[in-house]
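Source file: work39.csv. Holds: CSV, C-alpha atoms.
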```
chain,number,residue,atom,x,y,z
A,261,MET,CA,0.0,0.0,0.0
A,262,GLU,CA,2.6,2.5,1.1
A,263,ARG,CA,4.9,1.4,-1.7
A,264,SER,CA,2.2,2.1,-4.3
A,265,LEU,CA,1.5,5.5,-2.8
A,266,THR,CA,5.1,6.6,-2.7
A,267,HIS,CA,5.8,5.4,-6.2
A,268,ILE,CA,2.8,7.3,-7.5
A,269,ALA,CA,3.9,10.5,-5.7
A,270,LEU,CA,7.6,10.2,-6.7
A,271,PHE,CA,6.7,9.7,-10.3
A,272,ALA,CA,4.4,12.7,-10.2
A,273,ALA,CA,7.5,14.6,-9.0
A,274,LEU,CA,9.6,13.1,-11.7
A,275,ILE,CA,7.3,14.4,-14.4
A,276,ALA,CA,7.6,17.8,-12.9
A,277,ILE,CA,11.4,17.6,-12.8
A,278,LEU,CA,11.7,16.4,-16.4
A,279,GLY,CA,9.6,19.5,-17.4
A,280,LEU,CA,11.7,21.9,-15.3
A,281,VAL,CA,15.0,21.0,-16.8
A,282,PRO,CA,15.4,22.7,-20.1
A,283,GLN,CA,19.1,22.1,-20.4
A,284,ILE,CA,18.8,18.5,-21.4
A,285,SER,CA,19.4,18.5,-25.1
A,286,LEU,CA,17.8,15.3,-26.2
A,287,ALA,CA,19.1,15.3,-29.8
A,288,SER,CA,21.1,17.5,-32.1
A,289,GLY,CA,21.4,20.2,-29.5
A,290,VAL,CA,17.8,21.2,-29.7
A,291,PRO,CA,16.6,21.8,-26.2
A,292,ILE,CA,13.3,20.1,-25.9
A,293,THR,CA,11.7,19.4,-22.5
A,294,ALA,CA,11.4,15.9,-21.4
A,295,GLN,CA,8.0,16.3,-19.8
A,296,SER,CA,6.2,13.9,-22.2
A,297,LEU,CA,9.0,11.4,-21.6
A,298,GLY,CA,8.0,11.5,-17.9
A,299,ILE,CA,4.4,10.7,-18.9
A,300,MET,CA,5.6,7.7,-20.9
A,301,LEU,CA,7.9,6.5,-18.2
A,302,CYS,CA,5.0,6.6,-15.7
A,303,GLY,CA,3.2,4.1,-17.8
A,304,THR,CA,6.1,1.9,-18.8
A,305,VAL,CA,7.8,1.7,-15.4
A,306,LEU,CA,4.8,1.9,-13.0
A,307,GLY,CA,2.2,0.1,-15.1
A,308,ALA,CA,-1.2,1.1,-16.2
A,309,ARG,CA,-3.1,1.9,-13.0
A,310,ARG,CA,-0.3,3.5,-10.9
A,311,GLY,CA,1.1,5.3,-14.0
A,312,ALA,CA,-2.2,7.0,-14.7
A,313,LEU,CA,-2.7,7.9,-11.0
A,314,ALA,CA,0.8,9.5,-10.9
A,315,VAL,CA,-0.1,11.6,-13.9
A,316,LEU,CA,-3.5,12.6,-12.4
A,317,LEU,CA,-1.8,13.6,-9.2
A,318,PHE,CA,0.7,15.7,-11.2
A,319,LEU,CA,-2.2,17.4,-13.0
A,320,ALA,CA,-4.1,18.1,-9.8
A,321,LEU,CA,-1.1,19.9,-8.4
A,322,VAL,CA,-0.7,21.9,-11.6
A,323,ALA,CA,-4.3,22.9,-11.5
A,324,ALA,CA,-3.9,23.8,-7.9
A,325,GLY,CA,-1.3,26.4,-8.9
A,326,LEU,CA,2.1,24.8,-8.9
A,327,PRO,CA,4.2,25.9,-12.0
A,328,LEU,CA,5.2,22.3,-12.9
A,329,LEU,CA,4.4,22.2,-16.6
A,330,SER,CA,7.3,22.7,-19.0
A,331,GLY,CA,8.3,26.3,-19.2
A,332,GLY,CA,7.0,27.0,-15.7
A,333,ARG,CA,3.4,27.0,-16.7
A,334,GLY,CA,0.7,25.9,-14.4
A,335,GLY,CA,-2.5,27.0,-12.7
A,336,LEU,CA,-6.1,26.7,-14.0
A,337,GLY,CA,-5.3,28.7,-17.1
A,338,VAL,CA,-3.5,25.9,-18.9
A,339,PHE,CA,-6.8,23.9,-18.8
A,340,ALA,CA,-8.5,26.7,-20.8
A,341,GLY,CA,-5.7,27.0,-23.3
A,342,PRO,CA,-5.2,25.3,-26.7
A,343,THR,CA,-3.1,22.5,-25.3
A,344,VAL,CA,-5.8,21.3,-22.9
A,345,GLY,CA,-6.4,18.1,-25.0
A,346,PHE,CA,-2.9,17.0,-24.4
A,347,LEU,CA,-3.3,17.5,-20.6
A,348,ILE,CA,-6.5,15.4,-20.6
A,349,GLY,CA,-4.8,12.8,-22.8
A,350,PHE,CA,-1.7,12.5,-20.4
A,351,PRO,CA,-3.2,10.1,-17.9
A,352,ILE,CA,-4.9,8.0,-20.6
A,353,ALA,CA,-1.6,7.9,-22.5
A,354,ALA,CA,0.2,6.6,-19.4
A,355,PHE,CA,-2.5,4.1,-18.8
A,356,VAL,CA,-2.4,2.7,-22.3
A,357,ALA,CA,1.4,2.6,-22.3
A,358,GLY,CA,1.4,0.8,-19.0
A,359,TRP,CA,-1.2,-1.6,-20.1
A,360,ILE,CA,0.8,-2.6,-23.2
A,361,VAL,CA,4.0,-3.2,-21.1
A,362,GLU,CA,2.0,-5.3,-18.6
A,363,ARG,CA,0.2,-7.4,-21.2
A,364,THR,CA,2.9,-8.2,-23.7
A,365,THR,CA,5.7,-10.7,-23.3
A,366,LEU,CA,8.1,-9.0,-25.6
A,367,PRO,CA,11.5,-8.0,-24.3
A,368,VAL,CA,11.1,-4.9,-22.0
A,369,GLY,CA,12.9,-2.5,-24.3
A,370,PHE,CA,10.8,-3.3,-27.3
A,371,ALA,CA,7.5,-3.5,-25.4
A,372,ALA,CA,8.2,-0.1,-23.7
A,373,THR,CA,9.1,1.6,-27.0
A,374,ALA,CA,6.0,0.3,-28.7
A,375,ALA,CA,4.0,1.3,-25.6
A,376,ALA,CA,5.4,4.8,-25.7
A,377,VAL,CA,4.6,5.2,-29.4
A,378,ILE,CA,1.0,3.8,-29.1
A,379,GLY,CA,0.2,5.4,-25.7
A,380,GLY,CA,2.5,8.5,-25.6
A,381,ILE,CA,1.9,9.5,-29.2
A,382,ALA,CA,-1.1,7.9,-30.9
A,383,VAL,CA,-3.4,8.0,-27.8
A,384,LEU,CA,-2.1,11.4,-26.7
A,385,TYR,CA,-2.6,13.0,-30.0
A,386,ALA,CA,-6.0,11.5,-30.3
A,387,PHE,CA,-6.9,13.8,-27.4
A,388,GLY,CA,-4.6,16.7,-28.1
A,389,ILE,CA,-5.7,17.3,-31.7
A,390,PRO,CA,-9.5,17.5,-31.0
A,391,GLY,CA,-8.7,19.7,-28.0
A,392,MET,CA,-6.8,22.2,-30.1
A,393,ALA,CA,-9.5,22.0,-32.8
A,394,LEU,CA,-12.1,22.9,-30.2
A,395,VAL,CA,-10.3,25.8,-28.6
A,396,LEU,CA,-9.0,27.4,-31.8
A,397,LYS,CA,-12.2,26.4,-33.8
A,398,LYS,CA,-10.3,24.7,-36.5
A,399,SER,CA,-11.0,21.4,-38.4
A,400,LEU,CA,-9.3,18.3,-37.1
A,401,GLY,CA,-7.0,18.3,-40.1
A,402,GLU,CA,-5.9,21.8,-39.5
A,403,ALA,CA,-5.3,21.2,-35.8
A,404,ALA,CA,-3.3,18.0,-36.7
A,405,LEU,CA,-1.1,20.2,-38.9
A,406,LEU,CA,-0.5,22.6,-35.9
A,407,THR,CA,0.4,19.7,-33.5
A,408,GLY,CA,2.7,18.2,-36.1
A,409,ALA,CA,5.4,20.5,-34.7
A,410,TYR,CA,5.6,18.4,-31.5
A,411,LEU,CA,5.8,15.1,-33.4
A,412,PRO,CA,9.5,14.7,-34.1
A,413,GLY,CA,10.4,15.4,-30.5
A,414,ASP,CA,7.8,13.0,-29.2
A,415,ALA,CA,9.1,10.3,-31.6
A,416,ILE,CA,12.6,10.7,-30.1
A,417,LYS,CA,11.2,10.6,-26.6
A,418,ALA,CA,9.3,7.4,-27.3
A,419,VAL,CA,12.5,5.7,-28.2
A,420,LEU,CA,14.2,7.1,-25.1
A,421,ALA,CA,11.4,5.9,-23.0
A,422,GLY,CA,12.1,2.4,-24.3
A,423,LEU,CA,15.8,2.8,-23.6
A,424,VAL,CA,15.4,4.2,-20.1
A,425,THR,CA,12.8,1.5,-19.2
A,426,GLN,CA,15.2,-1.2,-20.4
A,427,SER,CA,18.0,0.3,-18.3
A,428,ILE,CA,15.7,0.3,-15.2
A,429,ALA,CA,14.7,-3.3,-15.9
A,430,ARG,CA,18.4,-4.3,-15.8
A,431,MET,CA,19.4,-2.2,-12.8
A,432,ARG,CA,16.3,-2.5,-10.6
A,433,PRO,CA,14.2,-5.5,-11.9
A,434,GLY,CA,12.2,-5.5,-8.7
A,435,SER,CA,11.2,-1.8,-9.2
A,436,LEU,CA,9.8,-2.3,-12.6
A,437,LEU,CA,6.2,-2.5,-11.3
A,438,SER,CA,4.8,-2.8,-14.8
A,439,ARG,CA,6.4,-6.2,-15.1
A,440,ALA,CA,6.3,-7.2,-11.4
B,42,MET,CA,8.8,25.9,-4.1
B,43,LEU,CA,7.1,29.0,-5.5
B,44,THR,CA,3.4,28.8,-6.4
B,45,LEU,CA,1.6,30.9,-9.0
B,46,THR,CA,-0.4,32.6,-6.4
B,47,SER,CA,0.3,36.4,-6.5
B,48,PRO,CA,2.1,37.8,-3.5
B,49,VAL,CA,-0.1,40.9,-3.9
B,50,ARG,CA,-3.1,40.4,-1.6
B,51,THR,CA,-6.4,41.5,-3.1
B,52,PRO,CA,-10.0,41.4,-1.9
B,53,LEU,CA,-10.5,38.5,-4.3
B,54,ASP,CA,-8.2,36.4,-2.0
B,55,ARG,CA,-10.8,36.5,0.7
B,56,LEU,CA,-13.5,34.9,-1.4
B,57,PRO,CA,-13.9,31.1,-0.7
B,58,ALA,CA,-11.9,29.0,-3.3
B,59,SER,CA,-14.9,26.9,-4.1
B,60,ALA,CA,-17.0,30.0,-5.0
B,61,LYS,CA,-14.3,31.2,-7.3
B,62,LEU,CA,-14.0,27.8,-9.0
B,63,ALA,CA,-17.7,27.6,-9.5
B,64,ALA,CA,-17.8,31.1,-10.9
B,65,LEU,CA,-14.9,30.2,-13.2
B,66,ALA,CA,-16.6,27.1,-14.5
B,67,ALA,CA,-19.8,28.9,-15.2
B,68,GLY,CA,-17.9,31.8,-16.9
B,69,THR,CA,-15.9,29.4,-19.1
B,70,VAL,CA,-19.1,27.6,-20.2
B,71,LEU,CA,-20.7,31.0,-21.0
B,72,LEU,CA,-17.6,32.0,-23.0
B,73,PHE,CA,-17.9,29.0,-25.2
B,74,TRP,CA,-21.5,29.9,-25.9
B,75,LEU,CA,-20.7,33.4,-27.0
B,76,THR,CA,-19.9,33.9,-30.7
B,77,SER,CA,-20.1,37.7,-31.2
B,78,PRO,CA,-16.8,39.4,-31.1
B,79,TRP,CA,-18.4,42.4,-29.3
B,80,ALA,CA,-19.8,40.2,-26.5
B,81,LEU,CA,-16.4,38.5,-26.1
B,82,ALA,CA,-14.6,41.8,-26.1
B,83,LEU,CA,-17.0,42.9,-23.3
B,84,ALA,CA,-16.1,39.7,-21.4
B,85,LEU,CA,-12.4,40.3,-21.8
B,86,ALA,CA,-12.8,43.9,-20.6
B,87,GLY,CA,-14.6,42.6,-17.5
B,88,VAL,CA,-11.7,40.1,-16.8
B,89,VAL,CA,-9.1,42.8,-17.4
B,90,GLY,CA,-11.1,45.1,-15.1
B,91,LEU,CA,-10.8,42.5,-12.3
B,92,HIS,CA,-7.0,42.7,-12.7
B,93,LEU,CA,-6.4,46.4,-12.8
B,94,PRO,CA,-7.3,47.8,-9.3
B,95,TRP,CA,-4.6,45.7,-7.6
B,96,GLY,CA,-1.6,47.6,-9.0
B,97,ARG,CA,1.1,47.2,-11.6
B,98,PRO,CA,3.0,44.1,-10.2
B,99,PHE,CA,-0.3,42.1,-10.1
B,100,ALA,CA,-1.1,43.0,-13.7
B,101,ALA,CA,2.5,42.3,-14.8
B,102,HIS,CA,2.3,38.9,-13.2
B,103,ALA,CA,-1.0,38.2,-15.0
B,104,ALA,CA,0.6,39.3,-18.3
B,105,ARG,CA,3.5,37.0,-17.8
B,106,MET,CA,1.2,34.0,-17.2
B,107,LEU,CA,-0.5,34.7,-20.6
B,108,ARG,CA,2.8,34.6,-22.5
B,109,PRO,CA,2.8,30.9,-23.5
B,110,LEU,CA,-0.3,31.7,-25.6
B,111,TRP,CA,1.5,34.0,-28.1
B,112,PRO,CA,2.5,31.3,-30.7
B,113,PHE,CA,-1.2,30.3,-30.9
B,114,VAL,CA,-2.3,34.0,-31.2
B,115,VAL,CA,0.2,34.5,-34.1
B,116,VAL,CA,-0.9,31.3,-35.9
B,117,VAL,CA,-4.6,32.0,-35.6
B,118,ALA,CA,-4.2,35.7,-36.4
B,119,GLY,CA,-2.1,34.9,-39.5
B,120,TRP,CA,-4.6,32.2,-40.6
B,121,HIS,CA,-7.6,34.4,-40.4
B,122,LEU,CA,-6.0,37.4,-42.0
B,123,TRP,CA,-5.1,35.1,-44.9
B,124,THR,CA,-8.6,33.6,-45.2
B,125,GLY,CA,-10.2,36.9,-44.6
B,126,GLU,CA,-12.5,35.7,-41.8
B,127,ILE,CA,-11.5,38.5,-39.5
B,128,ALA,CA,-14.6,38.5,-37.3
B,129,SER,CA,-14.5,34.8,-36.5
B,130,GLY,CA,-10.7,35.0,-35.9
B,131,THR,CA,-11.2,37.9,-33.5
B,132,ALA,CA,-13.8,35.9,-31.6
B,133,ILE,CA,-11.6,32.8,-31.3
B,134,LEU,CA,-8.6,34.9,-30.0
B,135,LEU,CA,-10.8,36.9,-27.6
B,136,ARG,CA,-12.4,33.8,-26.2
B,137,MET,CA,-9.1,32.0,-25.7
B,138,VAL,CA,-7.4,34.9,-24.0
B,139,THR,CA,-10.4,35.7,-21.8
B,140,ALA,CA,-10.8,32.0,-20.7
B,141,VAL,CA,-7.2,31.6,-19.9
B,142,ALA,CA,-6.9,35.0,-18.1
B,143,ALA,CA,-10.0,34.3,-16.0
B,144,ALA,CA,-8.6,30.9,-15.0
B,145,ASN,CA,-5.2,32.5,-14.2
B,146,LEU,CA,-6.9,35.1,-12.1
B,147,VAL,CA,-8.5,32.4,-9.9
B,148,THR,CA,-5.0,30.8,-9.5
B,149,MET,CA,-3.4,34.1,-8.7
B,150,THR,CA,-5.8,34.9,-5.9
B,151,THR,CA,-6.1,31.5,-4.3
B,152,ARG,CA,-3.6,29.9,-2.0
B,153,LEU,CA,-2.3,26.4,-2.9
B,154,SER,CA,-3.6,25.0,0.4
B,155,ASP,CA,-7.1,26.4,-0.2
B,156,MET,CA,-7.2,25.0,-3.7
B,157,LEU,CA,-6.0,21.5,-2.6
B,158,ALA,CA,-8.7,21.6,0.2
B,159,VAL,CA,-11.4,22.1,-2.5
B,160,PHE,CA,-9.9,19.2,-4.5
B,161,GLU,CA,-10.0,17.0,-1.4
B,162,TRP,CA,-13.6,18.0,-0.8
B,163,LEU,CA,-14.5,17.2,-4.5
B,164,ALA,CA,-12.8,13.8,-4.1
B,165,LEU,CA,-14.9,12.9,-1.0
B,166,PRO,CA,-17.5,10.9,-3.0
B,167,LEU,CA,-14.6,8.7,-4.1
B,168,SER,CA,-13.6,8.1,-0.4
B,169,PRO,CA,-14.3,4.3,-0.4
B,170,LEU,CA,-11.7,4.0,-3.3
B,171,LEU,CA,-9.5,6.9,-2.3
B,172,PRO,CA,-9.4,7.7,1.4
B,173,PRO,CA,-9.1,11.5,1.9
B,174,ARG,CA,-6.1,11.0,4.2
B,175,ARG,CA,-4.2,9.1,1.5
B,176,LEU,CA,-5.0,11.8,-1.1
B,177,ALA,CA,-3.7,14.6,1.3
B,178,LEU,CA,-0.6,12.5,2.0
B,179,ALA,CA,0.0,12.1,-1.8
B,180,PHE,CA,-0.2,15.9,-2.4
B,181,ALA,CA,2.2,16.5,0.5
B,182,LEU,CA,4.7,13.9,-0.8
B,183,VAL,CA,4.8,15.4,-4.2
B,184,ILE,CA,5.3,18.9,-2.8
B,185,ARG,CA,8.0,17.6,-0.6
B,186,PHE,CA,9.8,15.5,-3.3
B,187,VAL,CA,9.8,18.0,-6.2
B,188,PRO,CA,12.6,20.1,-4.6
B,189,THR,CA,14.4,17.0,-3.3
B,190,LEU,CA,14.4,15.3,-6.7
B,191,SER,CA,15.3,18.6,-8.4
B,192,GLU,CA,18.4,18.8,-6.2
B,193,ARG,CA,19.2,15.2,-7.2
B,194,MET,CA,19.0,16.3,-10.8
B,195,ASP,CA,21.4,19.1,-10.2
B,196,ARG,CA,23.9,16.7,-8.6
B,197,ILE,CA,23.6,14.3,-11.6
B,198,LEU,CA,24.1,17.1,-14.0
B,199,GLU,CA,27.2,18.3,-12.1
B,200,ALA,CA,28.6,14.8,-12.1
B,201,TRP,CA,28.0,14.7,-15.9
B,202,ARG,CA,29.8,18.0,-16.4
B,203,ALA,CA,32.7,16.9,-14.3
B,204,ARG,CA,33.3,14.0,-16.6
B,205,SER,CA,32.3,15.1,-20.0
B,206,PRO,CA,32.9,18.2,-22.1
B,207,ARG,CA,29.6,17.5,-23.9
B,208,ARG,CA,26.2,18.8,-22.8
B,209,PRO,CA,24.2,16.4,-20.6
B,210,GLY,CA,22.2,14.1,-22.8
B,211,TRP,CA,19.2,11.9,-22.2
B,212,ARG,CA,21.3,9.4,-20.2
B,213,VAL,CA,20.8,11.6,-17.1
B,214,VAL,CA,17.2,10.5,-17.1
B,215,VAL,CA,18.2,6.9,-16.1
B,216,PRO,CA,19.9,7.9,-12.8
B,217,LEU,CA,17.1,10.4,-12.1
B,218,THR,CA,14.5,7.7,-12.6
B,219,LEU,CA,16.5,5.3,-10.4
B,220,ALA,CA,16.7,8.1,-7.7
B,221,ALA,CA,12.9,8.4,-7.9
B,222,LEU,CA,12.4,4.6,-7.5
B,223,ASP,CA,14.8,4.4,-4.6
B,224,ASP,CA,13.4,7.4,-2.8
B,225,ALA,CA,9.9,5.9,-3.2
B,226,ASP,CA,11.1,2.6,-1.6
B,227,HIS,CA,12.7,4.5,1.3
B,228,ALA,CA,9.7,6.8,1.8
B,229,ALA,CA,7.4,3.7,1.8
B,230,GLU,CA,9.5,2.1,4.5
B,231,ALA,CA,9.5,5.3,6.6
B,232,LEU,CA,5.7,5.5,6.3
B,233,ARG,CA,5.2,1.9,7.3
B,234,ALA,CA,7.5,2.4,10.3
B,235,ARG,CA,5.4,5.4,11.4
B,236,GLY,CA,2.1,3.6,11.2
B,237,GLY,CA,1.3,3.4,7.5
B,238,ALA,CA,-0.6,5.5,5.0
B,239,GLY,CA,-3.9,4.9,6.7
```
Let's see the structure in the file written out as structure tokens.
Amino acid sequence: MERSLTHIALFAALIAILGLVPQISLASGVPITAQSLGIMLCGTVLGARRGALAVLLFLALVAAGLPLLSGGRGGLGVFAGPTVGFLIGFPIAAFVAGWIVERTTLPVGFAATAAAVIGGIAVLYAFGIPGMALVLKKSLGEAALLTGAYLPGDAIKAVLAGLVTQSIARMRPGSLLSRA
Amino acid sequence: MLTLTSPVRTPLDRLPASAKLAALAAGTVLLFWLTSPWALALALAGVVGLHLPWGRPFAAHAARMLRPLWPFVVVVAGWHLWTGEIASGTAILLRMVTAVAAANLVTMTTRLSDMLAVFEWLALPLSPLLPPRRLALAFALVIRFVPTLSERMDRILEAWRARSPRRPGWRVVVPLTLAALDDADHAAEALRARGGAG
């Protein structure tokens, strides 16, 4: 019980830290924040239920007024802005990613990469695009075009989520709750 | 850790957080019903009017919190200038800025603890699944561990820089995640030793 609670809380904090550190240059010197990597890791490391709860806890604290979203954003305003769909999609993305790692018997690295692509990109964008279309009153196609800017970064992060999850599986096999 | 609540005290701070949240929810629904640019401009003027009496630092804080919207403003403005649908474009931008500014105003005038108390109250119907004490403990743990984990991240980045001339890469995420997992195990043990999470 306590272990579940502290893992959920610590991973909520981990999402925040990954969003607060802009100096990590993930690829080719372009500083992109690793916040969505944190969302993916919640699913692939903690599993579906705990991963989604960690993301929900993180979002509750953002809504309550902590500037934990990348770029120091936070408060209730972000839930009225054009990226609200992505925020709603975050916990579902983590749930789907976790569910895939839990249910497949593939090697952890492959399973986690596939889970991050399906959960952290396909599912996330399925919420993010309609959200943007609604706030900016654009068609789904036009909104998809706008969100396309995030896609290359997210593709890199999905691969990284696989690599990080695989490293965790090697170093702390007992802590990989999604495969416990 | 700094919250987004404004250090400037206003009369709005004294209103109960639940009332402000209810008013914000109603106002946001209303905004999405309005389509006339004139009505939306009036709504924006009303929200701006709620910011102005509390002095320059308060208004500057509010303006800073709106800054992440500018790429969307540029894209939508450019789009509608190109297609010539100026009225609908104006309505979209006014609605978006008003909704975000109103929500930010509630955040700026409500203390974190008051807001969390409302969330805990809203979660009461879930109490068979999610005991209120456990939810409060989860909030407290995250607030405690964000600075701790942030410090861990700084140590990891320093260690990287001491060894490599290159910029820290994605590899620092692995030790950071390990730190989170280990801290979680230690915190769980500490909680159990003190009578559990309830």
- With only C-alpha atoms as the atoms that count, which of A:Ala294, A:Val419, A:Leu274, A:Thr304 lies nearest to A:Ser435?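 Looking only at the distances to A:Ser435, the closest residue turns out to be A:Thr304.
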- Write down, as an NGL selection string, each residue of chain B that has any atom within 7 Å of an atom of chain A, counting all atoms listed in the file. :B and (44-46 or 133 or 137 or 140-142 or 144-145 or 148 or 153 or 156-157 or 179 or 182-183 or 186-187 or 191 or 209-211 or 215 or 219 or 221-222 or 225-226 or 228-229 or 232-233 or 237-238)
- Query: Taking into account all atoms listed in the file, which residue in the set B:Pro166, B:Pro206, B:Pro188, B:Pro216 is nearest to B:Leu43?
  - Reply: B:Pro188
- Task: Have a look at atom CA of A:Leu411 and atom CA of A:Ile378 and let me know their distance in Å, one decimal.
- Result: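 About the pair atom CA of A:Leu411 and atom CA of A:Ile378: they are 13.0 Å apart.
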- atom CA of B:Leu83 sits from atom CA of B:Ser129 at a separation of 15.7 Å
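Here atom CA of A:Arg309 and atom CA of B:Trp162 stand 22.8 Å from one another.
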- Query: If you count all atoms listed in the file, which residues fall within 10 Å of B:Trp95, apart from same-chain ones fewer than 6 positions away, as a ChimeraX atom specification?
  - Reply: /B:49-53
- Name all residues at most 12 Å from A:Gly408 (count only C-alpha atoms; drop same-chain ones fewer than 3 positions away) and give them as a ChimeraX atom specification. /A:381,385,388-389,392,401-405,411-415
Could you save those same residues with C-alpha atoms as a CSV table (one decimal), in the frame of the given file?
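What follows is the written file again-v3.csv:
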```csv
chain,number,residue,atom,x,y,z
A,381,ILE,CA,1.9,9.5,-29.2
A,385,TYR,CA,-2.6,13.0,-30.0
A,388,GLY,CA,-4.6,16.7,-28.1
A,389,ILE,CA,-5.7,17.3,-31.7
A,392,MET,CA,-6.8,22.2,-30.1
A,401,GLY,CA,-7.0,18.3,-40.1
A,402,GLU,CA,-5.9,21.8,-39.5
A,403,ALA,CA,-5.3,21.2,-35.8
A,404,ALA,CA,-3.3,18.0,-36.7
A,405,LEU,CA,-1.1,20.2,-38.9
A,411,LEU,CA,5.8,15.1,-33.4
A,412,PRO,CA,9.5,14.7,-34.1
A,413,GLY,CA,10.4,15.4,-30.5
A,414,ASP,CA,7.8,13.0,-29.2
A,415,ALA,CA,9.1,10.3,-31.6
```
Residues within 10 Å of A:Ser438, only C-alpha atoms, excluding chain neighbours under 3 positions, as a PDB file with C-alpha atoms, in the coordinates of the input:
```pdb
ATOM      1  CA  CYS A 302       5.000   6.600 -15.700  1.00  0.00           C
ATOM      2  CA  GLY A 303       3.200   4.100 -17.800  1.00  0.00           C
ATOM      3  CA  THR A 304       6.100   1.900 -18.800  1.00  0.00           C
ATOM      4  CA  VAL A 305       7.800   1.700 -15.400  1.00  0.00           C
ATOM      5  CA  LEU A 306       4.800   1.900 -13.000  1.00  0.00           C
ATOM      6  CA  GLY A 307       2.200   0.100 -15.100  1.00  0.00           C
ATOM      7  CA  ALA A 308      -1.200   1.100 -16.200  1.00  0.00           C
ATOM      8  CA  ARG A 309      -3.100   1.900 -13.000  1.00  0.00           C
ATOM      9  CA  ARG A 310      -0.300   3.500 -10.900  1.00  0.00           C
ATOM     10  CA  GLY A 311       1.100   5.300 -14.000  1.00  0.00           C
ATOM     11  CA  ALA A 357       1.400   2.600 -22.300  1.00  0.00           C
ATOM     12  CA  GLY A 358       1.400   0.800 -19.000  1.00  0.00           C
ATOM     13  CA  TRP A 359      -1.200  -1.600 -20.100  1.00  0.00           C
ATOM     14  CA  ILE A 360       0.800  -2.600 -23.200  1.00  0.00           C
ATOM     15  CA  VAL A 361       4.000  -3.200 -21.100  1.00  0.00           C
ATOM     16  CA  GLU A 362       2.000  -5.300 -18.600  1.00  0.00           C
ATOM     17  CA  ARG A 363       0.200  -7.400 -21.200  1.00  0.00           C
ATOM     18  CA  VAL A 368      11.100  -4.900 -22.000  1.00  0.00           C
ATOM     19  CA  ALA A 372       8.200  -0.100 -23.700  1.00  0.00           C
ATOM     20  CA  ALA A 429      14.700  -3.300 -15.900  1.00  0.00           C
ATOM     21  CA  GLY A 434      12.200  -5.500  -8.700  1.00  0.00           C
ATOM     22  CA  SER A 435      11.200  -1.800  -9.200  1.00  0.00           C
TER      23      SER A 435
END
```
- Message: I'd like the contact shell of B:Trp79 - 12 Å cut-off, only C-alpha atoms, skipping same-chain residues fewer than 6 positions apart - returned as a list in words.
- Response: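 Here the qualifying residues turn out to be Leu85, Ala86, Ala128, Ser129, Thr131, Ala132, Ile133, Leu135 and Arg136 of chain B.
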